[in-house]
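So this one's model.tsv, TSV, C-alpha atoms:
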chain	number	residue	atom	x	y	z
B	235	MET	CA	0.00	0.00	0.00
B	236	SER	CA	2.75	2.44	0.94
B	237	THR	CA	4.60	1.66	-2.31
B	238	GLU	CA	1.52	2.46	-4.42
B	239	THR	CA	0.97	5.72	-2.56
B	240	ALA	CA	4.56	6.77	-3.05
B	241	SER	CA	4.38	6.08	-6.80
B	242	THR	CA	1.19	8.10	-7.32
B	243	PRO	CA	2.07	11.13	-9.46
B	244	ALA	CA	1.60	14.52	-7.86
B	245	PRO	CA	-1.54	16.31	-9.06
B	246	VAL	CA	-1.00	19.04	-11.60
B	247	GLY	CA	-3.12	21.97	-12.65
B	248	LYS	CA	-5.39	21.97	-15.67
B	249	LEU	CA	-4.07	23.07	-19.05
B	250	LEU	CA	-6.62	25.23	-20.87
B	251	LYS	CA	-6.81	26.10	-24.55
B	252	ALA	CA	-8.04	29.39	-25.96
B	253	ASP	CA	-10.27	27.59	-28.49
B	254	SER	CA	-12.96	26.75	-25.94
B	255	ILE	CA	-13.10	30.37	-24.75
B	256	ALA	CA	-13.06	31.86	-28.26
B	257	SER	CA	-15.96	29.62	-29.32
B	258	ILE	CA	-18.22	31.29	-26.74
B	259	TYR	CA	-17.91	34.62	-28.57
B	260	ARG	CA	-17.65	33.28	-32.10
B	261	ALA	CA	-21.37	32.50	-32.38
B	262	ASP	CA	-22.34	36.07	-31.39
B	263	VAL	CA	-19.82	37.54	-33.84
B	264	GLU	CA	-21.10	35.33	-36.66
B	265	THR	CA	-24.68	36.42	-35.95
B	266	SER	CA	-23.67	40.09	-36.05
B	267	ILE	CA	-21.84	39.57	-39.34
B	268	LYS	CA	-24.83	37.86	-40.95
B	269	THR	CA	-27.14	40.64	-39.75
B	270	PHE	CA	-24.80	43.25	-41.22
B	271	ALA	CA	-24.45	41.46	-44.56
B	272	SER	CA	-28.22	40.95	-44.95
B	273	SER	CA	-29.09	44.54	-44.06
B	274	PRO	CA	-30.40	46.56	-47.07
B	275	SER	CA	-28.16	49.44	-46.03
B	276	HIS	CA	-25.05	47.26	-46.43
B	277	SER	CA	-25.67	44.13	-48.53
B	278	ARG	CA	-22.02	43.12	-48.30
B	279	LYS	CA	-19.53	41.53	-45.97
B	280	PRO	CA	-17.83	43.78	-43.41
B	281	LYS	CA	-14.31	44.64	-44.55
B	282	VAL	CA	-11.08	44.85	-42.55
B	283	VAL	CA	-7.81	46.18	-43.94
B	284	GLY	CA	-4.66	44.89	-42.27
B	285	ILE	CA	-1.52	46.98	-42.78
B	286	LEU	CA	1.83	45.17	-42.60
B	287	ALA	CA	4.87	47.45	-42.75
B	288	THR	CA	7.77	45.30	-41.48
B	289	ASP	CA	9.44	41.98	-42.28
B	290	SER	CA	8.72	40.71	-38.75
B	291	LYS	CA	7.94	36.98	-38.75
B	292	PRO	CA	5.53	37.18	-35.76
B	293	SER	CA	3.63	40.03	-37.50
B	294	GLU	CA	3.52	38.00	-40.72
B	295	MET	CA	2.13	35.00	-38.84
B	296	TYR	CA	-0.44	37.14	-37.02
B	297	ALA	CA	-1.55	38.67	-40.34
B	298	GLU	CA	-2.03	35.22	-41.84
B	299	PHE	CA	-3.94	34.06	-38.75
B	300	THR	CA	-6.17	37.14	-38.97
B	301	ARG	CA	-6.84	36.54	-42.67
B	302	LYS	CA	-7.75	32.89	-42.12
B	303	THR	CA	-10.10	33.65	-39.22
B	304	CYS	CA	-11.80	36.51	-41.07
B	305	GLU	CA	-12.43	34.38	-44.15
B	306	GLU	CA	-13.80	31.51	-42.05
B	307	ILE	CA	-16.21	33.77	-40.19
B	308	GLY	CA	-17.46	35.83	-43.14
B	309	VAL	CA	-15.36	39.02	-43.01
B	310	GLU	CA	-13.54	40.34	-46.07
B	311	PHE	CA	-9.87	40.80	-45.18
B	312	ILE	CA	-7.42	42.77	-47.30
B	313	LEU	CA	-3.72	42.72	-46.39
B	314	LYS	CA	-1.94	45.88	-47.48
B	315	ARG	CA	1.84	45.44	-47.59
B	316	VAL	CA	4.06	48.50	-47.42
B	317	GLY	CA	7.70	49.21	-46.61
B	318	ALA	CA	9.76	46.15	-45.70
B	319	ALA	CA	6.69	43.92	-45.98
B	320	VAL	CA	6.55	44.43	-49.75
B	321	ARG	CA	7.70	41.41	-51.67
B	322	ASN	CA	7.36	40.24	-55.22
B	323	GLU	CA	5.82	36.80	-54.88
B	324	GLN	CA	6.54	36.11	-58.57
B	325	GLY	CA	10.26	36.22	-57.87
B	326	GLY	CA	10.91	39.53	-59.60
B	327	THR	CA	13.40	42.21	-58.66
B	328	GLU	CA	11.04	44.73	-57.06
B	329	GLU	CA	12.89	46.79	-54.47
B	330	VAL	CA	11.75	46.32	-50.87
B	331	GLY	CA	11.26	49.44	-48.75
B	332	SER	CA	12.40	50.06	-45.20
B	333	ASN	CA	10.40	49.27	-42.07
B	334	GLY	CA	7.37	51.54	-41.82
B	335	GLU	CA	7.81	53.21	-45.19
B	336	GLY	CA	4.36	54.21	-46.53
B	337	VAL	CA	2.42	53.05	-43.47
B	338	GLU	CA	0.86	56.41	-42.61
B	339	LEU	CA	-0.39	56.93	-46.17
B	340	ALA	CA	-1.88	53.42	-46.14
B	341	ILE	CA	-3.76	54.22	-42.92
B	342	ILE	CA	-5.10	57.50	-44.35
B	343	GLU	CA	-6.28	55.76	-47.52
B	344	ALA	CA	-8.14	53.15	-45.47
B	345	ASN	CA	-9.67	55.88	-43.28
B	346	GLU	CA	-11.05	57.59	-46.39
B	347	ASP	CA	-12.32	54.42	-48.07
B	348	ALA	CA	-16.04	54.16	-47.26
B	349	SER	CA	-16.02	50.42	-48.03
B	350	VAL	CA	-13.54	49.76	-45.19
B	351	ASP	CA	-15.14	49.10	-41.80
B	352	GLY	CA	-12.06	48.31	-39.73
B	353	ILE	CA	-8.31	48.91	-39.76
B	354	MET	CA	-5.59	47.02	-37.97
B	355	VAL	CA	-1.89	47.76	-38.10
B	356	TYR	CA	0.71	45.16	-37.20
B	357	TYR	CA	2.94	46.63	-34.51
B	358	PRO	CA	5.69	47.17	-33.53
B	359	ILE	CA	6.90	49.17	-36.52
B	360	PHE	CA	9.13	51.97	-35.25
B	361	GLY	CA	8.42	51.47	-31.55
B	362	GLY	CA	7.71	54.04	-28.85
B	363	LEU	CA	6.14	57.40	-29.64
B	364	GLN	CA	6.18	56.94	-33.39
B	365	ASP	CA	3.96	53.85	-33.16
B	366	HIS	CA	1.73	55.71	-30.71
B	367	TYR	CA	1.37	58.51	-33.27
B	368	LEU	CA	0.31	56.00	-35.96
B	369	GLN	CA	-2.30	54.57	-33.60
B	370	GLN	CA	-3.89	58.03	-33.47
B	371	VAL	CA	-3.90	58.34	-37.26
B	372	VAL	CA	-6.36	55.43	-37.46
B	373	SER	CA	-9.93	56.77	-37.35
B	374	PRO	CA	-11.58	55.87	-34.01
B	375	TYR	CA	-14.60	54.74	-36.04
B	376	LYS	CA	-12.43	52.07	-37.70
B	377	ASP	CA	-10.04	51.26	-34.84
B	378	VAL	CA	-10.77	47.56	-34.26
B	379	GLU	CA	-7.71	47.24	-32.01
B	380	GLY	CA	-9.00	49.92	-29.61
B	381	LEU	CA	-5.66	51.76	-29.48
B	382	ASN	CA	-6.91	55.29	-30.11
B	383	THR	CA	-6.35	57.77	-27.28
B	384	LYS	CA	-10.10	58.37	-27.00
B	385	PHE	CA	-10.71	54.72	-26.17
B	386	HIS	CA	-7.75	54.64	-23.78
B	387	PHE	CA	-9.04	57.76	-22.04
B	388	ASN	CA	-12.38	56.04	-21.48
B	389	LEU	CA	-10.65	52.89	-20.23
B	390	TYR	CA	-8.41	54.69	-17.74
B	391	HIS	CA	-11.27	56.87	-16.48
B	392	ASN	CA	-13.63	53.88	-16.20
B	393	ILE	CA	-16.04	55.34	-18.76
B	394	ARG	CA	-17.82	52.27	-20.06
B	395	PHE	CA	-20.58	53.75	-22.22
B	396	ILE	CA	-20.39	56.53	-24.76
B	397	LYS	CA	-22.37	58.29	-27.44
B	398	PRO	CA	-20.71	57.54	-30.80
B	399	GLN	CA	-20.84	61.26	-31.64
B	400	SER	CA	-18.32	61.92	-28.84
B	401	LEU	CA	-15.55	60.30	-30.91
B	402	ALA	CA	-15.82	63.10	-33.46
B	403	SER	CA	-15.03	65.73	-30.82
B	404	ALA	CA	-11.60	66.97	-29.76
B	405	THR	CA	-9.28	64.50	-28.07
B	406	SER	CA	-8.92	66.62	-24.94
B	407	SER	CA	-10.22	65.32	-21.64
B	408	SER	CA	-12.44	68.37	-21.20
B	409	ALA	CA	-14.27	67.62	-24.42
B	410	LEU	CA	-14.83	64.03	-23.43
B	411	THR	CA	-15.76	64.56	-19.82
B	412	SER	CA	-18.15	67.35	-20.66
B	413	SER	CA	-20.02	65.20	-23.14
B	414	ALA	CA	-22.79	62.79	-22.26
B	415	ALA	CA	-20.29	60.00	-22.68
B	416	THR	CA	-19.55	59.83	-18.96
B	417	VAL	CA	-22.48	57.61	-18.12
B	418	PRO	CA	-22.31	55.79	-14.75
B	419	ALA	CA	-22.03	52.03	-15.17
B	420	ASN	CA	-24.46	50.27	-12.86
B	421	SER	CA	-24.99	47.32	-15.21
B	422	ASP	CA	-23.45	45.96	-18.39
B	423	ALA	CA	-26.45	47.12	-20.44
B	424	PRO	CA	-25.75	50.47	-22.14
B	425	PRO	CA	-28.17	53.22	-21.04
B	426	GLU	CA	-30.52	54.50	-23.74
B	427	GLY	CA	-28.73	56.48	-26.41
B	428	THR	CA	-25.31	55.05	-25.62
B	429	VAL	CA	-23.11	52.15	-26.70
B	430	LYS	CA	-20.23	50.33	-25.06
B	431	SER	CA	-16.86	52.00	-25.54
B	432	ILE	CA	-14.34	50.01	-27.54
B	433	LEU	CA	-11.60	48.35	-25.47
B	434	PRO	CA	-8.12	47.27	-26.64
B	435	CYS	CA	-8.63	43.77	-28.01
B	436	THR	CA	-5.77	41.94	-26.24
B	437	PRO	CA	-6.45	43.26	-22.69
B	438	LEU	CA	-10.16	42.63	-23.28
B	439	ALA	CA	-9.43	39.07	-24.42
B	440	ILE	CA	-7.48	38.43	-21.22
B	441	VAL	CA	-10.38	39.72	-19.12
B	442	LYS	CA	-12.75	37.38	-20.98
B	443	CYS	CA	-10.39	34.48	-20.31
B	444	LEU	CA	-10.36	35.33	-16.60
B	445	GLU	CA	-14.16	35.50	-16.58
B	446	PHE	CA	-14.22	32.01	-18.12
B	447	MET	CA	-11.81	30.73	-15.47
B	448	GLY	CA	-13.98	32.03	-12.62
B	449	VAL	CA	-11.81	34.94	-11.50
B	450	TYR	CA	-14.80	37.26	-11.81
B	451	ASN	CA	-17.59	36.70	-9.28
B	452	THR	CA	-20.96	37.23	-10.98
B	453	LEU	CA	-22.69	37.50	-7.58
B	454	LEU	CA	-20.94	40.84	-7.06
B	455	PRO	CA	-22.16	44.10	-8.65
B	456	TYR	CA	-21.15	44.91	-12.22
B	457	GLY	CA	-17.90	46.85	-12.22
B	458	ASP	CA	-16.63	45.22	-9.01
B	459	ARG	CA	-16.64	41.51	-9.83
B	460	ALA	CA	-12.87	41.05	-9.50
B	461	TYR	CA	-13.00	42.34	-5.91
B	462	GLY	CA	-10.96	40.20	-3.53
B	463	LYS	CA	-8.50	39.05	-6.20
B	464	THR	CA	-4.83	39.97	-6.27
B	465	ILE	CA	-3.32	39.92	-9.76
B	466	THR	CA	0.22	40.44	-11.03
B	467	VAL	CA	0.69	41.69	-14.60
B	468	ILE	CA	4.29	41.43	-15.85
B	469	ASN	CA	5.31	43.99	-18.52
B	470	ARG	CA	3.72	47.45	-18.39
B	471	SER	CA	3.49	48.07	-22.13
B	472	GLU	CA	1.08	50.70	-23.42
B	473	VAL	CA	-0.60	48.16	-25.70
B	474	VAL	CA	-1.25	45.34	-23.21
B	475	GLY	CA	0.20	45.61	-19.69
B	476	ARG	CA	-0.85	49.06	-18.55
B	477	PRO	CA	-4.40	49.05	-19.98
B	478	LEU	CA	-4.89	45.52	-18.63
B	479	ALA	CA	-3.86	46.59	-15.13
B	480	ALA	CA	-6.34	49.48	-15.34
B	481	LEU	CA	-9.16	47.26	-16.60
B	482	LEU	CA	-8.67	44.72	-13.82
B	483	SER	CA	-8.38	47.31	-11.07
B	484	ASN	CA	-11.45	49.16	-12.36
B	485	ASP	CA	-13.23	45.83	-11.98
B	486	GLY	CA	-12.21	45.70	-8.32
B	487	ALA	CA	-8.94	43.72	-8.31
B	488	ARG	CA	-5.74	44.67	-6.54
B	489	VAL	CA	-3.15	44.68	-9.33
B	490	PHE	CA	0.64	44.70	-9.20
B	491	SER	CA	2.03	46.06	-12.48
B	492	VAL	CA	5.61	44.87	-12.91
B	493	ASP	CA	8.10	46.35	-15.36
B	494	ILE	CA	11.88	46.35	-15.75
B	495	ASP	CA	12.54	49.28	-13.43
B	496	SER	CA	9.54	49.49	-11.10
B	497	ILE	CA	6.47	47.88	-9.58
B	498	GLN	CA	3.22	49.80	-9.26
B	499	GLU	CA	0.00	48.95	-7.49
B	500	TYR	CA	-3.33	49.66	-9.17
B	501	THR	CA	-6.49	49.70	-7.06
B	502	LYS	CA	-9.73	51.59	-6.74
B	503	ARG	CA	-10.01	50.80	-3.02
B	504	PRO	CA	-9.22	53.77	-0.74
B	505	ALA	CA	-6.33	53.36	1.67
B	506	SER	CA	-7.26	51.91	5.07
B	507	SER	CA	-5.98	55.09	6.72
B	508	THR	CA	-8.81	57.19	5.29
B	509	PRO	CA	-9.51	60.39	7.29
B	510	SER	CA	-12.48	60.42	9.63
B	511	GLY	CA	-15.87	60.30	7.99
B	512	PRO	CA	-17.76	57.65	6.01
B	513	ARG	CA	-15.30	55.36	4.24
B	514	ARG	CA	-15.85	55.08	0.50
B	515	LEU	CA	-16.31	51.58	-0.85
B	516	TYR	CA	-14.19	52.45	-3.88
B	517	HIS	CA	-13.00	55.28	-6.08
B	518	PRO	CA	-14.84	55.87	-9.38
B	519	ARG	CA	-11.69	54.71	-11.16
B	520	HIS	CA	-8.38	53.12	-10.24
B	521	VAL	CA	-5.52	54.96	-8.60
B	522	THR	CA	-1.85	54.08	-9.08
B	523	HIS	CA	1.01	54.33	-6.61
B	524	PRO	CA	4.52	52.86	-6.30
B	525	SER	CA	4.89	49.52	-4.56
B	526	SER	CA	7.82	48.55	-2.34
B	527	ASN	CA	7.17	44.84	-2.97
B	528	THR	CA	9.61	42.71	-4.92
B	529	LEU	CA	8.41	40.57	-7.81
B	530	GLU	CA	8.71	37.49	-5.60
B	531	GLN	CA	6.53	39.09	-2.92
B	532	CYS	CA	3.91	40.02	-5.52
B	533	LEU	CA	3.83	36.50	-6.96
B	534	ALA	CA	3.55	34.91	-3.52
B	535	VAL	CA	0.21	36.63	-2.84
B	536	SER	CA	-1.24	36.70	-6.36
B	537	ASP	CA	-4.32	34.68	-7.25
B	538	VAL	CA	-3.60	35.34	-10.93
B	539	VAL	CA	-0.28	35.89	-12.74
B	540	ILE	CA	-0.29	37.27	-16.29
B	541	SER	CA	2.98	37.59	-18.21
B	542	ALA	CA	3.50	39.39	-21.53
B	543	VAL	CA	7.28	39.66	-21.84
B	544	PRO	CA	8.46	39.36	-25.48
B	545	SER	CA	11.60	37.41	-24.62
B	546	ALA	CA	12.35	33.70	-24.91
B	547	SER	CA	14.79	33.90	-21.99
B	548	TYR	CA	12.32	35.38	-19.49
B	549	LYS	CA	10.66	32.82	-17.20
B	550	VAL	CA	8.43	33.24	-14.16
B	551	ASN	CA	9.90	31.21	-11.30
B	552	THR	CA	7.41	28.43	-10.48
B	553	ALA	CA	8.80	28.04	-6.96
B	554	VAL	CA	7.58	31.48	-5.83
B	555	LEU	CA	4.05	31.19	-7.21
B	556	LYS	CA	1.12	30.96	-4.83
B	557	ASP	CA	-0.32	27.44	-4.59
B	558	GLY	CA	-3.47	27.15	-6.71
B	559	CYS	CA	-2.96	30.38	-8.65
B	560	ILE	CA	-4.04	30.92	-12.25
B	561	CYS	CA	-1.32	31.64	-14.83
B	562	VAL	CA	-1.88	33.24	-18.24
B	563	ASN	CA	0.83	33.55	-20.89
B	564	VAL	CA	0.21	36.44	-23.31
B	565	SER	CA	3.59	36.66	-25.00
B	566	SER	CA	4.41	34.83	-28.23
B	567	GLU	CA	7.22	33.35	-26.12
B	568	LYS	CA	6.61	31.00	-23.20
B	569	ASN	CA	7.09	33.11	-20.06
B	570	PHE	CA	6.34	30.30	-17.61
B	571	GLU	CA	8.53	27.33	-16.74
B	572	LYS	CA	7.57	23.83	-17.86
B	573	ASP	CA	6.59	22.83	-14.32
B	574	VAL	CA	4.18	25.77	-13.85
B	575	ARG	CA	1.20	23.44	-13.35
B	576	GLU	CA	2.81	21.99	-10.24
B	577	LYS	CA	1.76	25.27	-8.59
B	578	ALA	CA	-0.93	26.69	-10.87
B	579	SER	CA	-4.44	25.25	-10.74
B	580	LEU	CA	-5.14	26.58	-14.25
B	581	TYR	CA	-2.65	27.46	-16.97
B	582	LEU	CA	-3.57	29.19	-20.23
B	583	PRO	CA	-0.52	29.24	-22.58
B	584	SER	CA	-1.97	31.66	-25.18
B	585	VAL	CA	-4.87	34.03	-25.76
B	586	GLY	CA	-4.48	34.73	-29.50
B	587	LYS	CA	-7.72	33.09	-30.66
B	588	VAL	CA	-9.73	35.02	-28.08
B	589	THR	CA	-7.99	38.24	-29.11
B	590	ILE	CA	-9.13	37.77	-32.72
B	591	MET	CA	-12.72	37.27	-31.53
B	592	MET	CA	-12.52	40.49	-29.51
B	593	LEU	CA	-11.10	42.29	-32.54
B	594	LEU	CA	-14.01	41.09	-34.68
B	595	ARG	CA	-16.48	41.97	-31.95
B	596	ASN	CA	-14.98	45.46	-31.90
B	597	LEU	CA	-15.40	45.57	-35.68
B	598	MET	CA	-19.12	44.86	-35.46
B	599	ARG	CA	-19.59	47.39	-32.67
B	600	LEU	CA	-17.85	50.01	-34.81
B	601	THR	CA	-20.21	49.29	-37.71
B	602	ASN	CA	-23.03	49.92	-35.24
B	603	TYR	CA	-21.40	53.24	-34.30
B	604	GLN	CA	-21.40	54.19	-37.98
B	605	ASP	CA	-25.05	53.21	-38.43
B	606	ILE	CA	-26.05	55.33	-35.43
B	607	LEU	CA	-24.16	58.31	-36.83
B	608	LYS	CA	-25.88	57.93	-40.21
B	609	GLN	CA	-29.28	57.83	-38.49
B	610	GLU	CA	-28.46	60.94	-36.49
B	611	THR	CA	-27.31	62.73	-39.65
B	612	SER	CA	-30.52	61.78	-41.46
B	613	LYS	CA	-32.65	63.10	-38.60
B	614	SER	CA	-30.74	66.37	-38.59
B	615	VAL	CA	-31.28	66.81	-42.34
B	616	GLU	CA	-35.01	66.07	-42.02
B	617	GLN	CA	-35.39	68.63	-39.23
B	618	GLN	CA	-33.76	71.40	-41.27

Please express the file's structure as structure tokens.
Amino acid sequence: MSTETASTPAPVGKLLKADSIASIYRADVETSIKTFASSPSHSRKPKVVGILATDSKPSEMYAEFTRKTCEEIGVEFILKRVGAAVRNEQGGTEEVGSNGEGVELAIIEANEDASVDGIMVYYPIFGGLQDHYLQQVVSPYKDVEGLNTKFHFNLYHNIRFIKPQSLASATSSSALTSSAATVPANSDAPPEGTVKSILPCTPLAIVKCLEFMGVYNTLLPYGDRAYGKTITVINRSEVVGRPLAALLSNDGARVFSVDIDSIQEYTKRPASSTPSGPRRLYHPRHVTHPSSNTLEQCLAVSDVVISAVPSASYKVNTAVLKDGCICVNVSSEKNFEKDVREKASLYLPSVGKVTIMMLLRNLMRLTNYQDILKQETSKSVEQQ
């Protein structure tokens, strides 16, 4: 008996695949696409233009994955190659441009093309501020990736519902906050006259994965369903890490945002040393402050660990993980060690297929934005 017990393998956590999560949203996206295509005002497939401006292999693979998924689900996908992505597939001698050459013009052309419903650009191209500038060149009405400053402003200020007309206003915070876009979110149903604000597709996909894995408690009020969870997000990039930390903390979680040179804590809970008077349950949006914790201390108390470090050499140390935690790998590289499931109860090695579903869901919401704007314009003309 003792020999059998000793030979019993130690239990390991469950390995999840993104397919099962993506399938939950695929049916809704397909229904929206069919409704769009059958509408007399459209009578065509929705169209996405992907712009590839580098010779990056991961970007090339992501573009091909996007094309395949779009075609399977009923979306017309056009890949526009510019700069270093240009190649003569017939084996000619066409000169290849440099990284990023022609990308801004390609974005502007897609913005102005009325047959294009969504635009995605395969980053990184130049990196840093120059990529951020290109993200603002994309029309917010066609920004399926949700990278426009207007959408990020809403995300960071916990503005969940907007009027589509607000996207045509100035980018300044005063213009946005003074509009009717700042609708309080007491439920996930948009109040009359509003729609849900677009969210960056990768952070949103991660949130949807966490909902699937039970991190969000549906018994709690909308907007606070991650309350009681401590989450570490490794890599504070402007595309994934930082907006993800804000999303999770705005949903009630305590979030440690870890980067190369610092660790920050995101929370919307007031400090325990609040001055006398009634203690607020939470701030209307997250607040950020430096943390004195080390990475190891953060991991030791985290119910969820999310890593998005684009490096094959970076690995999260399994030994310092909290027993029973949930681990999510976002990077194209494997950021967790092979034995991660000896500590993690659930391990999700990729989120790419869910990200594509969120991108397509954003696409269909943007087409709804456009339809609402057209209706408003028609009413204005009739009233004149």

* Structure fact -> For Pro524 (chain B), the closest of B:Glu335, B:Asp573, B:Asp458, B:Glu499 counting all atoms listed in the file is B:Glu499

Which residues come within 9 Å of Glu472 (chain B), counting all atoms listed in the file, excluding same-chain residues fewer than 4 positions away, as a CSV table (one decimal) with C-alpha atoms, in the coordinates of the input?
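Done, and the output landed in around.csv:
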chain,number,residue,atom,x,y,z
B,366,HIS,CA,1.7,55.7,-30.7
B,476,ARG,CA,-0.8,49.1,-18.6
B,477,PRO,CA,-4.4,49.0,-20.0

* **Two-atom distance - CA of Asn563 (chain B), CA of Val263 (chain B) (Å)** =>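 Atom-to-atom, CA of Asn563 (chain B) and CA of Val263 (chain B) are spaced 24.7 Å apart.
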
* Asked: Which one of B:Thr466, B:Ser566, B:Asn596, B:Ser349 sits closest to Glu379 (chain B) if you count only C-alpha atoms?
  ->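 The shortest atom-to-atom distance to Glu379 (chain B) comes from B:Asn596.
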
* Select, from B:Pro518, B:Pro274, B:Pro455, B:Pro425, the residue with the minimum atom-to-atom distance to Tyr390 (chain B), counting only C-alpha atoms. => B:Pro518

May I have the residues within 12 Å of Glu445 (chain B) as a tab-separated table (two decimals) with C-alpha atoms, in the coordinates of the input, using only C-alpha atoms and disregarding those fewer than 6 positions away in the same chain?
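Result file follows (out.tsv):
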chain	number	residue	atom	x	y	z
B	255	ILE	CA	-13.10	30.37	-24.75
B	258	ILE	CA	-18.22	31.29	-26.74
B	438	LEU	CA	-10.16	42.63	-23.28
B	439	ALA	CA	-9.43	39.07	-24.42
B	451	ASN	CA	-17.59	36.70	-9.28
B	452	THR	CA	-20.96	37.23	-10.98
B	459	ARG	CA	-16.64	41.51	-9.83
B	460	ALA	CA	-12.87	41.05	-9.50
B	482	LEU	CA	-8.67	44.72	-13.82
B	485	ASP	CA	-13.23	45.83	-11.98
B	538	VAL	CA	-3.60	35.34	-10.93
B	560	ILE	CA	-4.04	30.92	-12.25

* CA of Asp557 (chain B) to CA of Leu580 (chain B): how many Å, to one decimal? -> 10.8 Å
